[in-house]
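K.L.:
Sharing query_33.cif here; it has mmCIF, C-alpha atoms.
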data_final
loop_
_atom_site.group_PDB
_atom_site.id
_atom_site.type_symbol
_atom_site.label_atom_id
_atom_site.label_comp_id
_atom_site.auth_asym_id
_atom_site.auth_seq_id
_atom_site.Cartn_x
_atom_site.Cartn_y
_atom_site.Cartn_z
ATOM 1 C CA MET A 1 28.751 -0.403 39.475
ATOM 2 C CA PRO A 2 26.322 -3.003 38.097
ATOM 3 C CA GLN A 3 23.758 -0.260 37.373
ATOM 4 C CA ILE A 4 26.019 1.238 34.678
ATOM 5 C CA LYS A 5 26.208 -2.114 32.918
ATOM 6 C CA SER A 6 22.418 -2.391 33.164
ATOM 7 C CA LEU A 7 21.887 1.063 31.683
ATOM 8 C CA GLU A 8 24.057 0.035 28.746
ATOM 9 C CA GLU A 9 21.673 -2.893 28.324
ATOM 10 C CA LEU A 10 18.904 -0.318 28.108
ATOM 11 C CA ARG A 11 20.666 1.410 25.216
ATOM 12 C CA ARG A 12 20.923 -1.914 23.388
ATOM 13 C CA LEU A 13 17.267 -2.580 24.134
ATOM 14 C CA ARG A 14 16.381 0.755 22.538
ATOM 15 C CA GLU A 15 18.290 -0.145 19.385
ATOM 16 C CA ARG A 16 16.541 -3.506 19.222
ATOM 17 C CA VAL A 17 13.087 -1.990 19.755
ATOM 18 C CA GLU A 18 13.755 0.684 17.116
ATOM 19 C CA ARG A 19 14.849 -1.966 14.624
ATOM 20 C CA ASP A 20 11.898 -4.216 15.270
ATOM 21 C CA ILE A 21 8.868 -2.535 13.725
ATOM 22 C CA SER A 22 6.470 -5.098 15.208
ATOM 23 C CA THR A 23 7.388 -4.162 18.794
ATOM 24 C CA ARG A 24 7.170 -0.447 18.046
ATOM 25 C CA ARG A 25 3.646 -0.751 16.717
ATOM 26 C CA ASP A 26 1.095 0.082 19.378
ATOM 27 C CA THR A 27 -0.971 -2.989 20.183
ATOM 28 C CA GLY A 28 -3.997 -0.780 20.772
ATOM 29 C CA THR A 29 -4.632 -2.458 24.103
ATOM 30 C CA THR A 30 -3.960 -0.875 27.482
ATOM 31 C CA ILE A 31 -4.661 -2.196 30.959
ATOM 32 C CA ILE A 32 -5.192 0.612 33.458
ATOM 33 C CA VAL A 33 -4.900 0.001 37.210
ATOM 34 C CA GLY A 34 -6.279 2.510 39.741
ATOM 35 C CA MET A 35 -3.484 3.452 42.123
ATOM 36 C CA GLY A 36 -4.952 6.099 44.425
ATOM 37 C CA THR A 37 -4.788 5.751 48.213
ATOM 38 C CA CYS A 38 -7.997 3.695 48.138
ATOM 39 C CA GLY A 39 -6.657 1.394 45.414
ATOM 40 C CA ILE A 40 -3.313 0.894 47.153
ATOM 41 C CA ALA A 41 -5.059 0.064 50.447
ATOM 42 C CA ALA A 42 -7.341 -2.404 48.649
ATOM 43 C CA GLY A 43 -4.402 -4.224 47.040
ATOM 44 C CA ALA A 44 -4.083 -2.552 43.628
ATOM 45 C CA ARG A 45 -0.292 -2.817 43.629
ATOM 46 C CA GLU A 46 -0.514 -6.576 44.128
ATOM 47 C CA THR A 47 -3.143 -6.780 41.367
ATOM 48 C CA MET A 48 -0.838 -4.815 39.053
ATOM 49 C CA ARG A 49 2.010 -7.187 39.870
ATOM 50 C CA ALA A 50 -0.223 -10.193 39.073
ATOM 51 C CA ILE A 51 -1.161 -8.590 35.737
ATOM 52 C CA LEU A 52 2.504 -8.049 34.851
ATOM 53 C CA GLU A 53 3.360 -11.656 35.756
ATOM 54 C CA GLU A 54 0.421 -13.017 33.759
ATOM 55 C CA LEU A 55 1.377 -10.959 30.692
ATOM 56 C CA ARG A 56 4.977 -12.083 31.023
ATOM 57 C CA ALA A 57 3.978 -15.746 31.340
ATOM 58 C CA ARG A 58 1.799 -15.453 28.225
ATOM 59 C CA GLU A 59 4.414 -13.357 26.382
ATOM 60 C CA MET A 60 1.799 -10.687 25.654
ATOM 61 C CA ASP A 61 3.132 -7.220 24.760
ATOM 62 C CA ILE A 62 0.385 -5.090 26.246
ATOM 63 C CA ASN A 63 0.638 -1.623 27.766
ATOM 64 C CA VAL A 64 -0.025 -1.342 31.504
ATOM 65 C CA THR A 65 -0.489 2.036 33.171
ATOM 66 C CA THR A 66 -1.527 3.279 36.593
ATOM 67 C CA VAL A 67 -3.839 6.192 37.402
ATOM 68 C CA GLY A 68 -5.061 7.949 40.550
ATOM 69 C CA CYS A 69 -8.441 7.720 42.272
ATOM 70 C CA ILE A 70 -11.525 8.201 40.094
ATOM 71 C CA GLY A 71 -13.977 8.185 42.995
ATOM 72 C CA MET A 72 -15.223 4.580 42.923
ATOM 73 C CA CYS A 73 -13.236 3.726 46.053
ATOM 74 C CA ALA A 74 -15.547 0.900 47.155
ATOM 75 C CA LYS A 75 -14.836 -0.936 43.895
ATOM 76 C CA GLU A 76 -11.051 -0.874 44.215
ATOM 77 C CA PRO A 77 -8.907 -2.432 42.956
ATOM 78 C CA LEU A 78 -10.246 -1.144 39.647
ATOM 79 C CA VAL A 79 -8.833 -2.505 36.412
ATOM 80 C CA ASP A 80 -9.855 -1.038 33.062
ATOM 81 C CA ILE A 81 -9.177 -2.633 29.723
ATOM 82 C CA GLU A 82 -9.056 -0.312 26.744
ATOM 83 C CA GLN A 83 -8.921 -1.730 23.228
ATOM 84 C CA ALA A 84 -9.032 0.220 19.988
ATOM 85 C CA GLY A 85 -12.520 0.335 18.528
ATOM 86 C CA LYS A 86 -14.209 -1.096 21.616
ATOM 87 C CA PRO A 87 -15.766 0.442 24.731
ATOM 88 C CA ARG A 88 -13.375 0.769 27.672
ATOM 89 C CA VAL A 89 -14.464 -1.801 30.243
ATOM 90 C CA SER A 90 -14.018 -1.154 33.988
ATOM 91 C CA TYR A 91 -13.736 -4.155 36.259
ATOM 92 C CA GLY A 92 -14.133 -3.778 40.031
ATOM 93 C CA ASN A 93 -12.677 -5.509 43.089
ATOM 94 C CA ILE A 94 -10.072 -7.308 41.001
ATOM 95 C CA THR A 95 -7.781 -9.266 43.287
ATOM 96 C CA PRO A 96 -4.616 -11.034 42.097
ATOM 97 C CA ASP A 97 -6.319 -14.443 41.949
ATOM 98 C CA MET A 98 -8.849 -13.061 39.418
ATOM 99 C CA VAL A 99 -6.218 -11.781 37.007
ATOM 100 C CA SER A 100 -5.543 -15.012 35.130
ATOM 101 C CA ARG A 101 -9.209 -15.442 34.184
ATOM 102 C CA LEU A 102 -9.531 -11.755 33.299
ATOM 103 C CA ILE A 103 -6.617 -11.914 30.857
ATOM 104 C CA GLU A 104 -7.665 -15.271 29.439
ATOM 105 C CA GLN A 105 -11.301 -14.375 28.901
ATOM 106 C CA HIS A 106 -11.110 -10.694 27.940
ATOM 107 C CA LEU A 107 -7.830 -10.466 26.064
ATOM 108 C CA VAL A 108 -7.306 -13.980 24.698
ATOM 109 C CA LYS A 109 -10.905 -14.998 23.974
ATOM 110 C CA GLY A 110 -12.295 -11.499 23.474
ATOM 111 C CA GLN A 111 -15.177 -12.047 25.902
ATOM 112 C CA VAL A 112 -16.033 -9.466 28.578
ATOM 113 C CA VAL A 113 -16.272 -10.981 32.086
ATOM 114 C CA GLU A 114 -19.750 -9.573 32.652
ATOM 115 C CA GLU A 115 -20.094 -10.420 36.347
ATOM 116 C CA TRP A 116 -17.034 -8.327 37.244
ATOM 117 C CA VAL A 117 -17.918 -5.262 35.135
ATOM 118 C CA VAL A 118 -18.681 -2.015 36.964
ATOM 119 C CA GLY A 119 -18.858 0.292 33.961
ATOM 120 C CA ARG A 120 -18.256 0.846 30.287
ATOM 121 C CA LEU A 121 -16.989 3.947 28.537
ATOM 122 C CA GLN A 122 -17.626 4.356 24.838
ATOM 123 C CA GLU A 123 -14.638 5.353 22.723
ATOM 124 C CA SER A 124 -14.811 9.085 22.036
ATOM 125 C CA MET B 1 -1.665 -0.459 54.720
ATOM 126 C CA ARG B 2 0.314 -3.589 55.445
ATOM 127 C CA GLU B 3 3.720 -2.384 54.214
ATOM 128 C CA LEU B 4 5.535 0.939 54.422
ATOM 129 C CA SER B 5 6.131 0.594 50.694
ATOM 130 C CA HIS B 6 2.353 0.990 50.228
ATOM 131 C CA HIS B 7 2.642 4.370 51.977
ATOM 132 C CA VAL B 8 5.594 5.257 49.740
ATOM 133 C CA LEU B 9 3.544 4.497 46.626
ATOM 134 C CA ASP B 10 0.799 6.712 48.004
ATOM 135 C CA LEU B 11 3.298 9.550 48.542
ATOM 136 C CA LEU B 12 4.532 9.147 44.968
ATOM 137 C CA GLU B 13 0.947 9.276 43.692
ATOM 138 C CA ASN B 14 0.372 12.436 45.765
ATOM 139 C CA ALA B 15 3.403 14.054 44.135
ATOM 140 C CA LEU B 16 2.131 13.147 40.662
ATOM 141 C CA ALA B 17 -1.349 14.416 41.498
ATOM 142 C CA ALA B 18 0.313 17.701 42.545
ATOM 143 C CA GLY B 19 1.752 18.025 39.043
ATOM 144 C CA ALA B 20 5.367 17.278 39.994
ATOM 145 C CA THR B 21 7.826 16.760 37.153
ATOM 146 C CA ARG B 22 10.723 15.864 39.424
ATOM 147 C CA VAL B 23 10.465 13.645 42.495
ATOM 148 C CA THR B 24 13.325 12.680 44.794
ATOM 149 C CA LEU B 25 12.754 9.713 47.074
ATOM 150 C CA ARG B 26 15.271 8.707 49.694
ATOM 151 C CA ILE B 27 15.018 5.754 52.050
ATOM 152 C CA CYS B 28 17.633 5.102 54.685
ATOM 153 C CA GLU B 29 17.651 1.969 56.817
ATOM 154 C CA ASP B 30 20.283 2.204 59.527
ATOM 155 C CA THR B 31 20.099 -0.899 61.658
ATOM 156 C CA GLN B 32 23.027 0.247 63.853
ATOM 157 C CA GLY B 33 21.299 3.542 64.580
ATOM 158 C CA ASP B 34 17.926 1.742 64.762
ATOM 159 C CA THR B 35 16.229 4.167 62.360
ATOM 160 C CA LEU B 36 14.315 3.964 59.110
ATOM 161 C CA GLU B 37 13.722 7.236 57.277
ATOM 162 C CA ILE B 38 11.602 7.952 54.243
ATOM 163 C CA GLU B 39 11.937 11.326 52.550
ATOM 164 C CA ILE B 40 10.140 12.440 49.429
ATOM 165 C CA GLN B 41 10.509 15.814 47.793
ATOM 166 C CA ASP B 42 8.637 17.006 44.759
ATOM 167 C CA ASN B 43 8.453 20.160 42.675
ATOM 168 C CA GLY B 44 4.662 20.054 42.416
ATOM 169 C CA ARG B 45 2.251 22.869 43.103
ATOM 170 C CA GLY B 46 2.789 22.720 46.874
ATOM 171 C CA MET B 47 0.377 23.736 49.608
ATOM 172 C CA ASP B 48 -0.436 27.011 51.263
ATOM 173 C CA ALA B 49 -0.297 27.289 55.057
ATOM 174 C CA GLU B 50 -3.999 26.524 55.482
ATOM 175 C CA VAL B 51 -3.962 23.357 53.363
ATOM 176 C CA GLN B 52 -0.686 22.266 54.937
ATOM 177 C CA ALA B 53 -2.145 22.667 58.416
ATOM 178 C CA ARG B 54 -5.066 20.436 57.495
ATOM 179 C CA ALA B 55 -3.169 17.880 55.380
ATOM 180 C CA LEU B 56 -2.782 15.587 58.368
ATOM 181 C CA ASP B 57 -6.515 15.656 59.106
ATOM 182 C CA PRO B 58 -8.062 12.460 57.692
ATOM 183 C CA PHE B 59 -11.342 14.251 57.037
ATOM 184 C CA PHE B 60 -9.755 16.840 54.795
ATOM 185 C CA THR B 61 -8.857 16.543 51.134
ATOM 186 C CA THR B 62 -8.488 18.871 48.194
ATOM 187 C CA ARG B 63 -9.966 16.171 45.966
ATOM 188 C CA THR B 64 -13.482 16.513 44.642
ATOM 189 C CA THR B 65 -14.122 12.784 44.066
ATOM 190 C CA ARG B 66 -14.256 11.930 47.780
ATOM 191 C CA HIS B 67 -14.319 13.582 51.181
ATOM 192 C CA VAL B 68 -11.445 11.965 53.050
ATOM 193 C CA GLY B 69 -7.689 12.195 52.600
ATOM 194 C CA LEU B 70 -6.184 9.291 54.469
ATOM 195 C CA GLY B 71 -2.694 8.937 52.991
ATOM 196 C CA LEU B 72 -0.633 11.312 55.137
ATOM 197 C CA PRO B 73 -2.625 10.781 58.376
ATOM 198 C CA LEU B 74 -2.163 7.007 58.075
ATOM 199 C CA LEU B 75 1.586 7.378 57.533
ATOM 200 C CA LYS B 76 1.862 9.797 60.465
ATOM 201 C CA ALA B 77 0.003 7.360 62.734
ATOM 202 C CA ALA B 78 2.211 4.474 61.560
ATOM 203 C CA ALA B 79 5.360 6.481 62.310
ATOM 204 C CA GLU B 80 4.219 7.759 65.695
ATOM 205 C CA ARG B 81 3.368 4.310 66.979
ATOM 206 C CA CYS B 82 6.982 3.296 66.207
ATOM 207 C CA ASN B 83 8.667 6.090 68.222
ATOM 208 C CA GLY B 84 8.903 8.115 65.030
ATOM 209 C CA GLY B 85 7.100 10.992 63.422
ATOM 210 C CA LEU B 86 6.245 12.861 60.262
ATOM 211 C CA SER B 87 7.132 16.332 59.104
ATOM 212 C CA LEU B 88 5.713 18.263 56.208
ATOM 213 C CA ARG B 89 7.166 21.322 54.501
ATOM 214 C CA SER B 90 5.477 22.926 51.562
ATOM 215 C CA ALA B 91 4.842 26.236 49.871
ATOM 216 C CA PRO B 92 2.719 27.176 46.867
ATOM 217 C CA GLY B 93 4.749 26.780 43.680
ATOM 218 C CA GLN B 94 7.711 25.357 45.543
ATOM 219 C CA GLY B 95 6.763 21.726 45.977
ATOM 220 C CA THR B 96 6.463 19.581 49.052
ATOM 221 C CA LEU B 97 8.866 17.720 51.298
ATOM 222 C CA VAL B 98 7.530 14.861 53.410
ATOM 223 C CA ARG B 99 9.773 13.102 55.882
ATOM 224 C CA ALA B 100 8.742 10.126 58.008
ATOM 225 C CA TRP B 101 10.958 8.305 60.461
ATOM 226 C CA PHE B 102 10.575 5.103 62.435
ATOM 227 C CA GLN B 103 12.426 3.097 65.045
ATOM 228 C CA TRP B 104 13.752 0.318 62.793
ATOM 229 C CA GLN B 105 13.391 -2.443 65.382
ATOM 230 C CA HIS B 106 10.056 -1.322 66.830
ATOM 231 C CA ILE B 107 7.738 -4.308 67.158
ATOM 232 C CA ASP B 108 4.858 -2.396 65.552
ATOM 233 C CA ARG B 109 6.850 -1.233 62.540
ATOM 234 C CA ALA B 110 5.388 -2.659 59.366
ATOM 235 C CA PRO B 111 7.943 -4.157 56.994
ATOM 236 C CA LEU B 112 9.135 -1.865 54.230
ATOM 237 C CA GLY B 113 7.936 -4.583 51.859
ATOM 238 C CA ASP B 114 7.944 -4.751 48.101
ATOM 239 C CA MET B 115 9.644 -1.513 47.036
ATOM 240 C CA ALA B 116 10.230 -2.896 43.534
ATOM 241 C CA SER B 117 6.477 -3.086 42.908
ATOM 242 C CA THR B 118 5.993 0.342 44.467
ATOM 243 C CA LEU B 119 8.530 1.930 42.111
ATOM 244 C CA LEU B 120 7.056 0.045 39.163
ATOM 245 C CA GLY B 121 3.554 1.209 40.093
ATOM 246 C CA ALA B 122 4.731 4.819 39.992
ATOM 247 C CA LEU B 123 6.927 4.484 36.903
ATOM 248 C CA LEU B 124 4.029 2.968 34.928
ATOM 249 C CA SER B 125 1.912 6.028 35.702
ATOM 250 C CA SER B 126 -0.178 7.363 32.842
ATOM 251 C CA ARG B 127 1.807 10.570 33.371
ATOM 252 C CA SER B 128 5.054 10.210 31.475
ATOM 253 C CA ASP B 129 6.316 13.780 31.933
ATOM 254 C CA TRP B 130 8.080 13.291 35.247
ATOM 255 C CA ASP B 131 11.311 11.875 36.556
ATOM 256 C CA LEU B 132 12.196 9.987 39.693
ATOM 257 C CA GLU B 133 15.492 10.059 41.514
ATOM 258 C CA TYR B 134 15.604 7.220 43.996
ATOM 259 C CA GLU B 135 18.238 6.451 46.589
ATOM 260 C CA HIS B 136 17.888 3.612 49.056
ATOM 261 C CA ARG B 137 20.551 2.993 51.687
ATOM 262 C CA VAL B 138 20.718 -0.088 53.858
ATOM 263 C CA ASP B 139 23.612 0.232 56.290
ATOM 264 C CA GLY B 140 26.670 0.434 54.019
ATOM 265 C CA ARG B 141 24.981 -0.411 50.746
ATOM 266 C CA VAL B 142 23.091 1.806 48.341
ATOM 267 C CA PHE B 143 20.762 1.347 45.374
ATOM 268 C CA ARG B 144 20.175 4.324 43.114
ATOM 269 C CA LEU B 145 17.893 4.878 40.181
ATOM 270 C CA ASP B 146 17.397 7.983 38.087
ATOM 271 C CA THR B 147 14.840 7.870 35.293
ATOM 272 C CA ARG B 148 16.579 10.785 33.541
ATOM 273 C CA GLU B 149 19.546 8.501 32.884
ATOM 274 C CA MET B 150 17.174 5.838 31.613
ATOM 275 C CA ARG B 151 15.382 8.249 29.293
ATOM 276 C CA GLU B 152 18.723 9.382 27.894
ATOM 277 C CA MET B 153 19.413 5.781 26.937
ATOM 278 C CA LEU B 154 15.900 5.169 25.630
ATOM 279 C CA GLY B 155 15.360 8.268 23.498
ATOM 280 C CA ASP B 156 11.740 8.242 22.316
ATOM 281 C CA ILE B 157 10.966 4.784 23.694
ATOM 282 C CA PRO B 158 8.738 5.274 26.783
ATOM 283 C CA LEU B 159 9.465 3.664 30.148
ATOM 284 C CA GLY B 160 6.088 1.943 29.863
ATOM 285 C CA HIS B 161 6.948 0.141 26.608
ATOM 286 C CA PRO B 162 6.349 -3.575 27.340
ATOM 287 C CA HIS B 163 9.983 -4.484 26.586
ATOM 288 C CA VAL B 164 11.323 -1.642 28.734
ATOM 289 C CA ARG B 165 8.869 -2.585 31.472
ATOM 290 C CA ARG B 166 10.264 -6.099 31.568
ATOM 291 C CA TRP B 167 13.790 -4.700 31.729
ATOM 292 C CA LEU B 168 12.707 -2.424 34.587
ATOM 293 C CA GLU B 169 11.234 -5.356 36.507
ATOM 294 C CA GLU B 170 14.524 -7.241 36.229
ATOM 295 C CA TYR B 171 16.604 -4.141 37.003
ATOM 296 C CA LEU B 172 14.635 -3.481 40.191
ATOM 297 C CA GLN B 173 14.723 -7.126 41.215
ATOM 298 C CA GLN B 174 18.500 -7.150 40.741
ATOM 299 C CA GLY B 175 18.964 -3.850 42.554
ATOM 300 C CA PHE B 176 17.017 -4.868 45.642
ATOM 301 C CA ALA B 177 18.590 -8.326 45.705
ATOM 302 C CA GLU B 178 22.020 -6.665 45.830
ATOM 303 C CA LEU B 179 20.834 -4.176 48.441
ATOM 304 C CA TYR B 180 19.408 -6.752 50.818
ATOM 305 C CA GLY B 181 21.492 -9.825 50.050
ATOM 306 C CA ALA B 182 20.208 -13.385 49.974
ATOM 307 C CA THR B 183 18.041 -13.170 53.117
ATOM 308 C CA GLY B 184 16.100 -10.122 52.007
ATOM 309 C CA CYS B 185 16.508 -8.708 55.515
ATOM 310 C CA PRO B 186 18.799 -5.738 56.206
ATOM 311 C CA ALA B 187 19.682 -6.843 59.723
ATOM 312 C CA PHE B 188 20.982 -10.186 58.581
ATOM 313 C CA ALA B 189 22.339 -9.034 55.230
ATOM 314 C CA GLY B 190 24.349 -6.282 56.867
ATOM 315 C CA GLY B 191 25.567 -8.436 59.712
ATOM 316 C CA HIS B 192 24.312 -5.874 62.222
ATOM 317 C CA GLN B 193 21.608 -7.828 63.936
ATOM 318 C CA ALA B 194 21.033 -6.254 67.341
#
Hey, can you dump this file as structure tokens for me?

P.N.:
Amino acid sequence: MPQIKSLEELRRLRERVERDISTRRDTGTTIIVGMGTCGIAAGARETMRAILEELRAREMDINVTTVGCIGMCAKEPLVDIEQAGKPRVSYGNITPDMVSRLIEQHLVKGQVVEEWVVGRLQES
Amino acid sequence: MRELSHHVLDLLENALAAGATRVTLRICEDTQGDTLEIEIQDNGRGMDAEVQARALDPFFTTRTTRHVGLGLPLLKAAAERCNGGLSLRSAPGQGTLVRAWFQWQHIDRAPLGDMASTLLGALLSSRSDWDLEYEHRVDGRVFRLDTREMREMLGDIPLGHPHVRRWLEEYLQQGFAELYGATGCPAFAGGHQA
């Protein structure tokens, strides 16, 4: 079965990641995509996919996680960017075509895309 | 929701929200029998009889952040308009089993769609304390995934690690390509077009 071969690749990947201290170190940046019913219906899965493709194209090792509904259903798809030492920024109505600019401006240039922001959460 | 895989992601999110640590998802596409079945079982907190009776009411939810619960009612409506249906079995402390079935060839049946992204969306959940057993059959072929096997290989490295994530993307892409063949369509890939 090809899956068995692939799982062996996973074991080798683990060894490589464990050897390479730079890839083990947490980047301190996480992108969080709302994936409740409201988010899914608004296209959050497609937005997540666009984020993953953009990060892959730019070879950026950044954590991406999904969470359930937080109650701002009208603003879905919601994408939060959390960076160590900075307020967590929530962006609303983020469609796949907006992802490239979001990554470029927020993560590469370090500038918040003010017109898309729906909230900020100070680091506790 | 445009794809059945959107509904499946919603069911997975429901299971996680119910505190499940083990989720089994089975999809069976039988083009000869003209059926598509989706079955998801979790070991979450489950529902009592009253909640279960109201779970298919779109204006009922146990959530406190909003007042509607559309996921299951939408899936039930999608199934029923394709000569199918939805069943729900649950008990407090014993998890929940949801089963939805469709006529595969029904003109109103939404495509199953991008299951790879659906699985990825669930596997990248901020909750890392759960496992997914996935089995997807398309006529004679089968694609299986069990995150317990993956975790055994990975040790302390989380599934969400960027390098593991990229591996997962490729693994899923490969798995579904083998399941569906070059056309991406079970009817043609399986040679059972009716």

K.L.:
If we count all atoms listed in the file, what is near stretch 32-35 of chain B at a cut-off of 7 Å, once residues fewer than 4 positions away on the same chain are taken out, given as a PyMOL selection string?

P.N.:
chain B and resi 101-105+192

K.L.:
Specify as a VMD selection string all residues of chain A found within 7 Å of chain B, counting only C-alpha atoms.

P.N.:
chain A and resid 7 10 to 11 14 36 to 37 40 to 41 45 49 61 to 68 70 to 71

K.L.:
Between B:Gln173, B:Gln94, B:Gln52, B:Asn83, which one has atoms that come closest to B:Arg109, using only C-alpha atoms?

P.N.:
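Checking each candidate against B:Arg109, we get B:Asn83 as the closest.
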
K.L.:
What is the atom CA of A:Gly28-atom CA of A:Gln111 distance in Å, reported with one decimal?

P.N.:
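Taking atom CA of A:Gly28 and atom CA of A:Gln111, their separation equals 16.7 Å.
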
K.L.:
Once the PyMOL selection byres ((chain A and resi 112-124) around 7) has been applied to the shown file, what residues remain in the selection, as a ChimeraX atom specification?

P.N.:
/A:85-92,102,105-106,110-111

K.L.:
State, in Å with one decimal place, the distance from atom CA of A:Ile81 to atom CA of A:Val33.

P.N.:
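Separation between atom CA of A:Ile81 and atom CA of A:Val33: 9.0 Å.
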
K.L.:
Residues within 10 Å of B:Ala15, please, as a PyMOL selection string. Count all atoms listed in the file; anything in the same chain fewer than 2 positions from it doesn't count.

P.N.:
chain B and resi 9-13+17-23+40-46+95-97

K.L.:
List, as a list of chain:residue names, every residue that the PyMOL selection byres ((chain B and resi 140) around 10) selects in the file provided.

P.N.:
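For this structure, the PyMOL selection byres ((chain B and resi 140) around 10) resolves to B:Glu29, B:Asp30, B:Arg137, B:Val138, B:Asp139, B:Arg141, B:Val142, B:Leu179, B:Gly190.
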
K.L.:
As a check of understanding, name the residues that the PyMOL selection byres ((chain A and resi 50) around 12) selects in the supplied structure, as a PyMOL selection string.

P.N.:
(chain A and resi 33+43-49+51-57+64+79+94-103) or (chain B and resi 117)

K.L.:
What does the distance from atom CA of B:Glu50 to atom CA of B:Arg89 come to in Å, to one decimal?

P.N.:
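Separation of atom CA of B:Glu50 and atom CA of B:Arg89: 12.4 Å.
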